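Below: one structure, written as structure tokens.
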Amino acid sequence: MKKLSILAVAFAALTLAACGGKKTTNDVDVKDSAKSFEQEQIEASIKMHFDSLASELGKLKQLPVVQKDGVIKLTDAEKQVKPDYLLNVAAADNAMTLSEKYRVLSALEVDKEVAKLYDMGTEDLDKAIAKLAADINDPSFKAIEGKSGVYETAQELYDAMNQNGRINYFWQIVASSLVEQLYVTSQNTEKFVAAFDDDAAANVTFRIILIQDALNRLTEYDPDLVSVAEAIAPLTVLNATTVDEFKAQLADAKEKIVASRNALVNLAQ
């Protein structure tokens with residue numbers, strides 16, 4: 001099972017860079033001491049930056065489509081028209097890599113919240129989510145057990161995944177979660193965007209920036225994340241400061257959102 005510790009990778013990279021020709025014992029001791037100090041400074045800087053990004057992300061409200069305080073209310077008539085755009089639970093079986101499993105898990109948890117809005121049964125979703133969680137077997141999930149979903153940007157989840165060397169997967173989770181929420185919102189714009197206020201619309205922009213920043217930096221240590229960063233890069237066109245701007249931009253970016261979603265959960269293009 002692949003794990004990534006940013007500090008460990010940075011440490012290893014610096015160590016390799018420092019290797020060279022033969023050195024005397026005294027030279028090695030002096031240089032190792034200086035190198036150790038530099039490593040500590042760089043590692044502290046890296047950790048501080050990611051901690052700051054995660055902290056800012058955690059302060060933002062989730063998009064209305066997954067908020068549990070009833071900001072979106074569907075009429076009985078609206079609930080009769082069940083959404084046909086939710087991710088097929090077969091995606092849980094089709095996810096091959098660990099990264100894909102994390103991303104599909106996050107997307108399915110978002111879809112589960114949407115299914116609840118329509119009073120749809122969630123038994124199949126629950127089974128798919130449980131399967132993925134078992135396959136992933138991430139001890140970090142215990143930090144939010146009974147408190148929040150994996151798709152939520154809880155500080156407890158970030159701290160646990162950071163501690164367990166899963167920080168790259170945390171940012172994949174939040175990327176997939178955001179894209180799925182945007183995708184769902186774009187499928188029923190009139191109803192779902194009505195639950196936004198200007199702050200919520202602006203928050204979407206900030207959320208994209210934070211996630212993109214984290215992914216771009218992580219690609220220096222994990223090349224597998226390049227495709228994830230590329231998948232959400234087109235969504236930077238969403239830079240609204242008002243609900244009206246967000247609604248218009250969401251319509252214009254609909255195809256980009258679909259493409260991002262397909263790339264993240266490995267759907268056929």
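Ligands are numbered from 1 in the order shown, residues from 1 within each chain, and chains are lettered A, B, ... in the order they appear in the structure tokens.
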List as a count of residues only the protein and nucleic acid residues near Leu218 in chain A, meaning an atom at most 10 Å away when only C-alpha atoms are counted, but skip any in the same chain fewer than 3 places from it. 17
Identify, with DSSP run on backbone atoms, the residues in range 155-250 of chain A assigned to helix (DSSP H, G or I), and express the list as an MDAnalysis selection string. chainID A and resid 155:163 167:187 189:195 198:218 223:237 243:250
Close residues, Asn188 in chain A itself excluded, 12 Å, only C-alpha atoms, min 2 positions apart in chain, as number ranges by chain: A: 65, 72, 74, 78, 81-85, 114, 181-186, 190-195, 247, 250-251, 254
Can you list every residue of range 128-174 of chain A that has an atom at most 7 Å from range 91-105 of chain A, with its nearest atom pair and the distance in Å to one decimal, using only C-alpha atoms, ordered by chain then number, as CSV?
residue,atom,partner,partner_atom,distance
A:Ala128,CA,A:Ala92,CA,5.7
A:Ile129,CA,A:Leu105,CA,5.9
A:Leu132,CA,A:Lys101,CA,6.1
A:Ile136,CA,A:Leu98,CA,6.7
A:Tyr169,CA,A:Ser99,CA,6.7
A:Gln172,CA,A:Arg103,CA,6.2
A:Ile173,CA,A:Arg103,CA,5.3
What would the file look like if the residues just selected were written as a PDB file, in the first residue's frame with N, CA and C atoms?
ATOM      1  N   ALA A 128     -21.123   0.043  -1.164  1.00  0.00           N
ATOM      2  CA  ALA A 128     -19.977   0.437  -1.984  1.00  0.00           C
ATOM      3  C   ALA A 128     -18.978   1.252  -1.168  1.00  0.00           C
ATOM      4  N   ILE A 129     -19.506   2.147  -0.356  1.00  0.00           N
ATOM      5  CA  ILE A 129     -18.643   2.973   0.498  1.00  0.00           C
ATOM      6  C   ILE A 129     -17.906   2.109   1.517  1.00  0.00           C
ATOM      7  N   LEU A 132     -15.060   0.167  -0.210  1.00  0.00           N
ATOM      8  CA  LEU A 132     -13.896   1.001  -0.495  1.00  0.00           C
ATOM      9  C   LEU A 132     -13.115   1.314   0.785  1.00  0.00           C
ATOM     10  N   ILE A 136      -9.270   0.332   1.354  1.00  0.00           N
ATOM     11  CA  ILE A 136      -8.277   1.369   1.653  1.00  0.00           C
ATOM     12  C   ILE A 136      -7.598   1.102   2.996  1.00  0.00           C
ATOM     13  N   TYR A 169      -3.206  11.658  -0.189  1.00  0.00           N
ATOM     14  CA  TYR A 169      -4.560  11.151  -0.384  1.00  0.00           C
ATOM     15  C   TYR A 169      -5.615  12.107   0.193  1.00  0.00           C
ATOM     16  N   GLN A 172      -6.363  14.456  -2.495  1.00  0.00           N
ATOM     17  CA  GLN A 172      -7.137  13.807  -3.553  1.00  0.00           C
ATOM     18  C   GLN A 172      -8.602  13.681  -3.145  1.00  0.00           C
ATOM     19  N   ILE A 173      -8.824  13.373  -1.867  1.00  0.00           N
ATOM     20  CA  ILE A 173     -10.188  13.273  -1.352  1.00  0.00           C
ATOM     21  C   ILE A 173     -10.927  14.598  -1.531  1.00  0.00           C
TER      22      ILE A 173
END
10 Å contact set for Ala200 in chain A, only C-alpha atoms, chain neighbours under 2 positions out, as a list in words: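 Contacts, with the query itself left out: Leu60, Lys61, Gln62, Leu63, Pro64, Val193, Ala195, Phe196, Asp197, Asp198, Ala202, Asn203, Val204, Thr205, Phe206, Ala240, Thr241, Thr242, Val243 and Phe246 of chain A.
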Find the spatial neighbours of range 140-142 of chain A, counting only C-alpha atoms, within a cut-off of 9 Å - ignore same-chain residues fewer than 5 positions away - and output them as number ranges by chain. A: 133, 150, 156-164, 166
So which residues touch Glu56 in chain A within 10 Å, counting only C-alpha atoms, skipping near sequence neighbours fewer than 2 positions away, as number ranges by chain? A: 50-54, 58-60, 153, 155, 206-207, 210
Same residues, N, CA, C and O atoms, output as a compact mmCIF listing (two decimals), in the first residue's frame:
# COMPACT_ATOMS: atom_id res chain seq x y z
N PHE A 50 1.45 23.40 4.20
CA PHE A 50 0.31 22.49 4.04
C PHE A 50 -0.67 22.62 5.20
O PHE A 50 -1.89 22.55 5.00
N ASP A 51 -0.14 22.81 6.39
CA ASP A 51 -1.02 23.01 7.55
C ASP A 51 -1.88 24.25 7.36
O ASP A 51 -3.07 24.26 7.70
N SER A 52 -1.27 25.30 6.80
CA SER A 52 -1.99 26.55 6.57
C SER A 52 -3.09 26.36 5.52
O SER A 52 -4.22 26.83 5.70
N LEU A 53 -2.78 25.65 4.44
CA LEU A 53 -3.77 25.38 3.40
C LEU A 53 -4.95 24.59 3.96
O LEU A 53 -6.11 24.91 3.70
N ALA A 54 -4.64 23.56 4.74
CA ALA A 54 -5.70 22.72 5.31
C ALA A 54 -6.55 23.50 6.30
O ALA A 54 -7.77 23.34 6.36
N GLY A 58 -10.50 24.17 5.95
CA GLY A 58 -11.43 23.74 6.99
C GLY A 58 -12.37 24.83 7.47
O GLY A 58 -13.42 24.55 8.05
N LYS A 59 -11.98 26.08 7.25
CA LYS A 59 -12.83 27.21 7.68
C LYS A 59 -13.99 27.45 6.72
O LYS A 59 -14.95 28.14 7.08
N LEU A 60 -13.88 26.93 5.51
CA LEU A 60 -14.91 27.17 4.50
C LEU A 60 -16.10 26.23 4.70
O LEU A 60 -15.93 25.06 5.02
N THR A 153 -13.88 18.36 4.86
CA THR A 153 -12.51 18.81 5.10
C THR A 153 -12.27 19.04 6.59
O THR A 153 -11.87 20.12 7.01
N GLN A 155 -10.56 19.09 10.13
CA GLN A 155 -9.17 19.24 10.58
C GLN A 155 -8.66 17.93 11.18
O GLN A 155 -7.48 17.57 11.01
N PHE A 206 -12.07 30.11 -3.73
CA PHE A 206 -10.98 29.96 -2.78
C PHE A 206 -10.66 28.49 -2.54
O PHE A 206 -9.50 28.09 -2.42
N ARG A 207 -11.69 27.67 -2.49
CA ARG A 207 -11.50 26.23 -2.28
C ARG A 207 -10.68 25.63 -3.43
O ARG A 207 -9.76 24.83 -3.20
N LEU A 210 -6.95 26.73 -3.11
CA LEU A 210 -6.24 26.03 -2.03
C LEU A 210 -5.87 24.61 -2.45
O LEU A 210 -4.73 24.16 -2.24
Using only C-alpha atoms, can you tell me which of A:Asp138, A:Ser177, A:His49, A:Val89 comes closest to Thr122 in chain A? A:Val89
Length of the CA of Glu109 in chain A to CA of Asn262 in chain A vector [Å]: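 Distance reported for this atom pair: 16.5 Å.
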